[in-house]
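As provided, target-v8.txt (compact mmCIF, C-alpha atoms) reads as follows.
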```txt
# COMPACT_ATOMS: atom_id res chain seq x y z
CA MET A 975 -3.60 -54.34 -34.98
CA GLU A 976 -1.70 -52.51 -37.69
CA TRP A 977 -2.30 -50.12 -40.54
CA THR A 978 -0.77 -49.49 -43.95
CA ILE A 979 1.37 -46.46 -44.63
CA GLN A 980 -1.47 -44.95 -46.70
CA GLN A 981 -3.95 -45.36 -43.84
CA VAL A 982 -1.60 -43.82 -41.29
CA ALA A 983 -0.66 -40.94 -43.59
CA ALA A 984 -4.28 -40.11 -44.34
CA ARG A 985 -5.30 -40.19 -40.69
CA ALA A 986 -2.27 -38.16 -39.54
CA GLY A 987 -2.59 -35.52 -42.24
CA VAL A 988 0.87 -36.18 -43.69
CA THR A 989 2.02 -37.80 -46.90
CA SER A 990 3.34 -41.30 -47.42
CA ARG A 991 6.52 -39.64 -48.63
CA THR A 992 6.89 -37.93 -45.23
CA LEU A 993 6.56 -41.26 -43.43
CA ARG A 994 9.12 -42.85 -45.73
CA HIS A 995 11.45 -39.93 -44.99
CA TYR A 996 11.00 -40.46 -41.26
CA ASP A 997 11.96 -44.09 -41.83
CA ASP A 998 15.04 -43.17 -43.90
CA ILE A 999 16.41 -40.83 -41.18
CA GLY A 1000 15.67 -43.29 -38.39
CA LEU A 1001 12.97 -41.15 -36.77
CA LEU A 1002 10.06 -43.55 -37.27
CA HIS A 1003 10.44 -47.08 -38.56
CA PRO A 1004 7.42 -49.12 -39.63
CA SER A 1005 6.67 -52.03 -37.33
CA ARG A 1006 7.18 -54.37 -40.26
CA VAL A 1007 7.64 -54.41 -44.01
CA GLY A 1008 5.63 -56.97 -45.95
CA ASP A 1009 6.96 -59.27 -48.66
CA ASN A 1010 5.42 -56.89 -51.16
CA GLY A 1011 7.49 -54.01 -49.73
CA TYR A 1012 4.51 -52.31 -48.06
CA ARG A 1013 5.15 -50.61 -44.75
CA TYR A 1014 2.86 -51.42 -41.82
CA TYR A 1015 2.53 -49.53 -38.52
CA ASP A 1016 1.30 -50.99 -35.23
CA MET A 1017 0.01 -49.19 -32.14
CA ASP A 1018 3.50 -48.42 -30.78
CA ALA A 1019 4.60 -46.92 -34.09
CA VAL A 1020 1.48 -44.77 -34.29
CA ALA A 1021 2.05 -43.59 -30.69
CA ARG A 1022 5.59 -42.57 -31.63
CA LEU A 1023 4.23 -40.74 -34.68
CA GLN A 1024 1.83 -38.90 -32.41
CA ARG A 1025 4.74 -37.69 -30.28
CA ILE A 1026 6.66 -36.65 -33.39
CA LEU A 1027 3.74 -34.60 -34.68
CA LEU A 1028 3.21 -32.96 -31.29
CA LEU A 1029 6.84 -31.92 -31.06
CA ARG A 1030 6.84 -30.75 -34.67
CA ASP A 1031 3.82 -28.55 -33.98
CA LEU A 1032 5.79 -26.96 -31.15
CA GLY A 1033 8.31 -25.79 -33.74
CA LEU A 1034 11.08 -28.33 -33.14
CA GLY A 1035 13.19 -29.56 -36.04
CA LEU A 1036 13.47 -33.26 -36.87
CA PRO A 1037 17.01 -33.70 -35.43
CA VAL A 1038 15.87 -32.15 -32.14
CA ILE A 1039 12.74 -34.32 -32.13
CA ALA A 1040 14.86 -37.43 -32.63
CA ASP A 1041 17.08 -36.41 -29.71
CA VAL A 1042 14.09 -35.73 -27.46
CA LEU A 1043 12.49 -39.08 -28.25
CA ASP A 1044 15.75 -40.94 -27.69
CA ARG A 1045 16.13 -39.33 -24.25
CA GLN A 1046 12.53 -39.95 -23.23
CA GLY A 1047 12.56 -43.60 -22.29
CA ASP A 1048 9.30 -43.46 -20.36
CA GLU A 1049 6.65 -43.17 -23.07
CA GLU A 1050 3.73 -42.65 -20.68
CA GLY A 1051 5.66 -39.97 -18.83
CA ALA A 1052 6.54 -38.33 -22.13
CA LEU A 1053 2.91 -38.30 -23.21
CA GLY A 1054 2.02 -36.74 -19.88
CA ASP A 1055 4.57 -34.00 -20.57
CA HIS A 1056 3.02 -33.46 -23.98
CA ILE A 1057 -0.40 -33.06 -22.41
CA GLY A 1058 1.03 -30.36 -20.17
CA LEU A 1059 2.50 -28.56 -23.17
CA LEU A 1060 -0.75 -28.83 -25.10
CA GLU A 1061 -2.76 -27.50 -22.16
CA ALA A 1062 -0.37 -24.57 -21.85
CA GLU A 1063 -0.76 -23.88 -25.55
CA ARG A 1064 -4.55 -24.10 -25.21
CA SER A 1065 -4.39 -21.58 -22.38
CA ARG A 1066 -2.38 -19.18 -24.56
CA LEU A 1067 -4.86 -19.59 -27.40
CA ASP A 1068 -7.79 -19.01 -25.04
CA GLN A 1069 -6.16 -15.78 -23.87
CA ARG A 1070 -5.71 -14.63 -27.46
CA ILE A 1071 -9.31 -15.51 -28.29
CA ARG A 1072 -10.53 -13.53 -25.28
CA ALA A 1073 -8.37 -10.57 -26.29
CA VAL A 1074 -9.76 -10.50 -29.83
CA ARG A 1075 -13.32 -11.03 -28.58
CA HIS A 1076 -12.92 -8.11 -26.17
CA THR A 1077 -11.62 -5.94 -28.98
CA LEU A 1078 -14.75 -6.74 -31.00
CA ASP A 1079 -16.98 -6.12 -27.98
CA ALA A 1080 -15.24 -2.81 -27.29
CA ARG A 1081 -15.83 -1.66 -30.86
CA ALA A 1082 -19.47 -2.76 -30.74
CA SER A 1083 -20.11 -0.96 -27.45
CA GLY A 1084 -18.16 2.17 -28.40
CA SER A 1085 -15.86 1.81 -25.41
CA ASP A 1086 -12.71 3.88 -25.12
CA PRO A 1087 -9.69 1.61 -25.87
CA SER A 1088 -7.95 3.00 -22.78
CA MET A 1089 -10.90 1.79 -20.69
CA GLN A 1090 -10.56 -1.63 -22.29
CA MET A 1091 -6.88 -1.78 -21.40
CA MET A 1092 -7.64 -0.80 -17.82
CA LEU A 1093 -10.30 -3.46 -17.41
CA GLU A 1094 -8.28 -6.18 -19.13
CA GLY A 1095 -5.53 -5.71 -16.57
CA PHE A 1096 -7.83 -6.41 -13.60
CA ASN A 1097 -6.29 -8.77 -11.05
CA ASP A 1098 -3.04 -9.35 -12.96
CA PRO A 1099 -0.84 -6.75 -11.19
CA TYR A 1100 -1.60 -8.45 -7.88
CA ARG A 1101 -1.11 -12.01 -9.05
CA ASP A 1102 1.97 -12.76 -6.95
CA GLU A 1103 0.38 -11.38 -3.80
CA VAL A 1104 -2.88 -13.28 -4.33
CA VAL A 1105 -1.04 -16.53 -5.04
CA ALA A 1106 1.23 -16.08 -2.03
CA ARG A 1107 -1.70 -15.43 0.33
CA TRP A 1108 -4.44 -17.71 -1.02
CA GLY A 1109 -2.92 -20.00 -3.65
CA GLU A 1110 -2.71 -20.34 -7.42
CA ARG A 1111 -6.20 -21.82 -7.76
CA VAL A 1112 -7.88 -18.80 -6.16
CA PHE A 1113 -6.10 -16.45 -8.54
CA GLN A 1114 -6.74 -18.58 -11.60
CA GLU A 1115 -10.46 -19.10 -10.96
CA SER A 1116 -11.10 -15.43 -10.23
CA ASN A 1117 -8.94 -14.33 -13.14
CA ASP A 1118 -10.73 -16.69 -15.56
CA TRP A 1119 -14.06 -15.42 -14.24
CA TRP A 1120 -13.04 -11.83 -14.92
CA HIS A 1121 -11.60 -12.39 -18.39
CA GLY A 1122 -14.59 -14.53 -19.32
CA LYS A 1123 -16.84 -11.48 -19.05
CA THR A 1124 -17.77 -9.36 -22.03
CA VAL A 1125 -16.71 -5.73 -22.09
CA ARG A 1126 -20.24 -4.63 -21.16
CA GLN A 1127 -20.25 -7.01 -18.18
CA GLN A 1128 -16.84 -5.79 -17.07
CA ILE A 1129 -17.93 -2.17 -17.30
CA ALA A 1130 -21.10 -2.92 -15.32
CA TRP A 1131 -19.11 -4.73 -12.64
CA LYS A 1132 -16.57 -1.90 -12.50
CA ARG A 1133 -19.42 0.59 -12.13
CA ASP A 1134 -20.86 -1.35 -9.19
CA THR A 1135 -17.41 -1.55 -7.62
CA ASP A 1136 -16.89 2.19 -8.03
CA ASP A 1137 -20.25 2.77 -6.33
CA LEU A 1138 -19.13 0.65 -3.36
CA VAL A 1139 -15.83 2.54 -3.12
CA ASN A 1140 -17.62 5.89 -3.32
CA SER A 1141 -20.01 4.80 -0.56
CA TRP A 1142 -17.05 3.99 1.67
CA ALA A 1143 -15.46 7.36 0.93
CA GLU A 1144 -18.70 9.23 1.68
CA ALA A 1145 -19.17 7.39 4.97
CA TRP A 1146 -15.66 8.30 6.08
CA LYS A 1147 -16.16 11.95 5.10
CA ASP A 1148 -19.39 11.98 7.12
CA GLY A 1149 -17.37 10.94 10.16
CA VAL A 1150 -19.12 7.65 10.93
CA SER A 1151 -17.27 5.16 13.12
CA PRO A 1152 -16.12 1.72 11.92
CA GLY A 1153 -18.52 0.01 14.30
CA SER A 1154 -21.56 2.07 13.27
CA ASP A 1155 -24.56 0.51 11.55
CA ARG A 1156 -23.73 2.37 8.36
CA ALA A 1157 -20.11 1.18 8.26
CA GLN A 1158 -21.09 -2.39 9.10
CA ALA A 1159 -23.73 -2.38 6.36
CA LEU A 1160 -21.02 -1.33 3.93
CA ALA A 1161 -18.75 -4.08 5.26
CA ALA A 1162 -21.52 -6.63 4.68
CA ARG A 1163 -21.95 -5.28 1.16
CA HIS A 1164 -18.19 -5.58 0.64
CA VAL A 1165 -18.25 -9.24 1.70
CA GLU A 1166 -21.14 -9.91 -0.69
CA TRP A 1167 -19.04 -8.31 -3.42
CA LEU A 1168 -16.31 -10.84 -2.64
CA ARG A 1169 -18.83 -13.68 -2.62
CA ALA A 1170 -19.59 -13.01 -6.29
CA ILE A 1171 -15.97 -13.73 -7.29
CA PRO A 1172 -15.35 -17.47 -7.94
CA GLY A 1173 -12.35 -18.99 -6.21
CA THR A 1174 -12.47 -16.79 -3.12
CA PRO A 1175 -13.02 -18.48 0.26
CA VAL A 1176 -16.14 -16.35 0.67
CA ALA A 1177 -17.61 -17.73 -2.55
CA GLU A 1178 -16.82 -21.27 -1.38
CA GLY A 1179 -18.32 -20.82 2.09
CA ASP A 1180 -15.04 -21.43 3.93
CA ARG A 1181 -15.67 -19.39 7.08
CA GLU A 1182 -12.18 -19.52 8.59
CA ARG A 1183 -10.40 -18.57 5.40
CA SER A 1184 -13.11 -16.00 4.59
CA VAL A 1185 -12.39 -14.20 7.85
CA GLU A 1186 -8.68 -14.29 7.00
CA LEU A 1187 -9.38 -12.95 3.51
CA VAL A 1188 -11.50 -10.05 4.73
CA ARG A 1189 -8.94 -9.08 7.37
CA CYS A 1190 -6.04 -9.36 4.89
CA LEU A 1191 -7.87 -7.25 2.32
CA GLY A 1192 -8.46 -4.58 4.95
CA ASP A 1193 -4.75 -4.56 5.76
CA MET A 1194 -3.82 -4.44 2.08
CA TYR A 1195 -6.08 -1.42 1.51
CA VAL A 1196 -3.91 0.49 3.96
CA GLU A 1197 -0.51 -1.00 3.13
CA HIS A 1198 -0.72 -0.83 -0.67
CA PRO A 1199 -0.41 2.74 -2.07
CA ASP A 1200 -2.78 2.03 -4.97
CA PHE A 1201 -5.57 1.04 -2.61
CA SER A 1202 -4.97 3.98 -0.30
CA ALA A 1203 -5.44 6.23 -3.32
CA THR A 1204 -8.61 4.32 -4.27
CA TYR A 1205 -10.22 5.26 -0.96
CA GLY A 1206 -9.09 8.86 -1.20
CA THR A 1207 -6.58 9.05 1.61
CA ALA A 1208 -4.66 6.77 3.96
CA GLU A 1209 -7.18 7.68 6.66
CA GLY A 1210 -10.06 6.67 4.40
CA ALA A 1211 -8.41 3.33 3.69
CA ALA A 1212 -7.83 2.82 7.42
CA PHE A 1213 -11.54 3.45 8.03
CA VAL A 1214 -12.40 0.69 5.53
CA ARG A 1215 -9.87 -1.64 7.14
CA ASP A 1216 -11.17 -1.06 10.65
CA SER A 1217 -14.77 -1.52 9.51
CA LEU A 1218 -13.93 -4.83 7.76
CA HIS A 1219 -11.96 -6.04 10.77
CA GLU A 1220 -14.92 -5.29 13.02
CA TYR A 1221 -17.31 -7.07 10.66
CA ALA A 1222 -15.02 -10.11 10.50
CA ARG A 1223 -14.85 -10.20 14.30
CA THR A 1224 -18.55 -9.80 15.02
CA SER A 1225 -20.51 -10.98 12.00
CA MET A 1226 -18.61 -13.72 10.17
```
Could you write out this structure as structure tokens?
Amino acid sequence: MEWTIQQVAARAGVTSRTLRHYDDIGLLHPSRVGDNGYRYYDMDAVARLQRILLLRDLGLGLPVIADVLDRQGDEEGALGDHIGLLEAERSRLDQRIRAVRHTLDARASGSDPSMQMMLEGFNDPYRDEVVARWGERVFQESNDWWHGKTVRQQIAWKRDTDDLVNSWAEAWKDGVSPGSDRAQALAARHVEWLRAIPGTPVAEGDRERSVELVRCLGDMYVEHPDFSATYGTAEGAAFVRDSLHEYARTSM
């Protein structure tokens, strides 16, 4: 099957003059030229044009595109690479769309821009640690879940989280022990909080990895200065850790 230069140009969103130029510089030859001088393009030629347009959209100049195509002998492999590049570009565009949408939501809800910045950064500072402990997929799913929320939903979730943290702090100040009913109820609430986050082992019902996650989080609350400050003092963070460890040992 083949198409005329006019058909290919119209479908590709370029001009016939552009296709003739590609022919002149050796970038894209027609599959054949008829006796009447008309250029015709078969499936292979159209596939090459697709690759040219993809690379052009990435900002590459024609000489660079020609060099890339000449070095990519495996056409299927090259198309696979292009898919990867397009998916990465789609991810960047999705992030920009979310950022603009959040800006609009923040204006509509009257939120303080500094609050918006704080919420937008959720999860990201700990990316390397999350990936190292539980894998890229866990981070990506939970991060997408968070950034897919509206500003109002993020604020509501942050409010619930703050209430959980405050409940931990109050229990520690009241002198309850990690194994007490009150501390274990808070630990159960903490695990349910984790269950609501997609990508976590708790959300997926993986018991063994859930136990590991809960124990590791408890350790991180003590070892990471930011978390120690969240729970008031190092002793408060240690109380949360010990309570979670006890819950993981006896109730998970």
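With CA of Val1176 (chain A) on one side and CA of Thr1124 (chain A) on the other, the separation reads 23.8 Å.
Ranking A:Val1188, A:Val1112, A:Ala1019, A:Val988 by their shortest atom-to-atom distance to Gly1173 (chain A), with all atoms listed in the file included, puts A:Val1112 first.
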Near Met975 (chain A), within 9 Å and counting only C-alpha atoms, which residues show up once chain neighbours fewer than 2 positions away are dropped, as a list in words?
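After dropping sequence-adjacent residues, the list is Trp977, Tyr1015, Asp1016 and Met1017 of chain A.
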Given the selection you just returned, output its residues as a file containing C-alpha atoms, formatted as a PDB file, in the frame of the given file.
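The resulting result.pdb:
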```pdb
ATOM      1  CA  TRP A 977      -2.300 -50.120 -40.540  1.00  0.00           C
ATOM      2  CA  TYR A1015       2.530 -49.530 -38.520  1.00  0.00           C
ATOM      3  CA  ASP A1016       1.300 -50.990 -35.230  1.00  0.00           C
ATOM      4  CA  MET A1017       0.010 -49.190 -32.140  1.00  0.00           C
TER       5      MET A1017
END
```
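With CA of Ala986 (chain A) on one side and CA of Arg1030 (chain A) on the other, the separation reads 12.7 Å.
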Would you work out the distance separating CA of Lys1132 (chain A) from CA of Arg1064 (chain A), expressed in Å to one decimal?
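CA of Arg1064 (chain A) lies 28.3 Å from CA of Lys1132 (chain A).
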Write out as a VMD selection string the residues lying within 10 Å of Val1165 (chain A), counting only C-alpha atoms and excluding same-chain residues fewer than 3 positions away.
chain A and resid 1159 to 1162 1168 to 1170 1176 to 1177 1184 to 1185 1187 to 1188 1218 1221 to 1222 1226
Using only C-alpha atoms, the residue out of A:Leu1043, A:Gly1109, A:Asp1009, A:Val1038 with shortest distance to Gln1024 (chain A) is A:Leu1043
From A:Ser1065, A:Gln1128, A:Thr1174, A:Thr978, residue lying nearest Ser1116 (chain A) [all atoms listed in the file]
A:Thr1174
Near-Val1196 (chain A) list (6 Å; all atoms listed in the file; drop same-chain fewer than 2 positions) as a VMD selection string:
chain A and resid 1193 to 1194 1198 1202 1211 to 1212
Looking at A:Arg1189, A:Arg991, A:Arg985, A:Lys1123, which one is nearest to Arg1215 (chain A), with distances taken over only C-alpha atoms?
A:Arg1189
Neighbouring residues of Ser1217 (chain A) were defined as those with any atom within 7 Å, considering only C-alpha atoms; residues of the same chain fewer than 4 positions away were excluded. Please report them as a list in words.
Pro1152, Gly1153, Ala1157, Gln1158, Ala1161, Phe1213 and Tyr1221 of chain A
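Near (-21.6, 4.5, 4.4), the residues that fall inside 8 Å on the basis of all atoms listed in the file are Ser1141, Trp1142, Ala1143, Glu1144, Ala1145, Trp1146, Val1150, Arg1156, Ala1157, Ala1159 and Leu1160 of chain A.
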Rank A:Leu993, A:Leu1028, A:His1219, A:Asp1134 by their smallest atom-to-atom distance to Glu1186 (chain A), using all atoms listed in the file, and report the top residue only.
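Of A:Leu993, A:Leu1028, A:His1219, A:Asp1134, the one nearest Glu1186 (chain A), counting all atoms listed in the file, is A:His1219.
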Among the residues A:Ser1225, A:Ser1154, A:Thr1204, A:Asn1117, the one that comes closest to Val1139 (chain A) [using only C-alpha atoms]
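For Val1139 (chain A), the nearest of the given residues is A:Thr1204.
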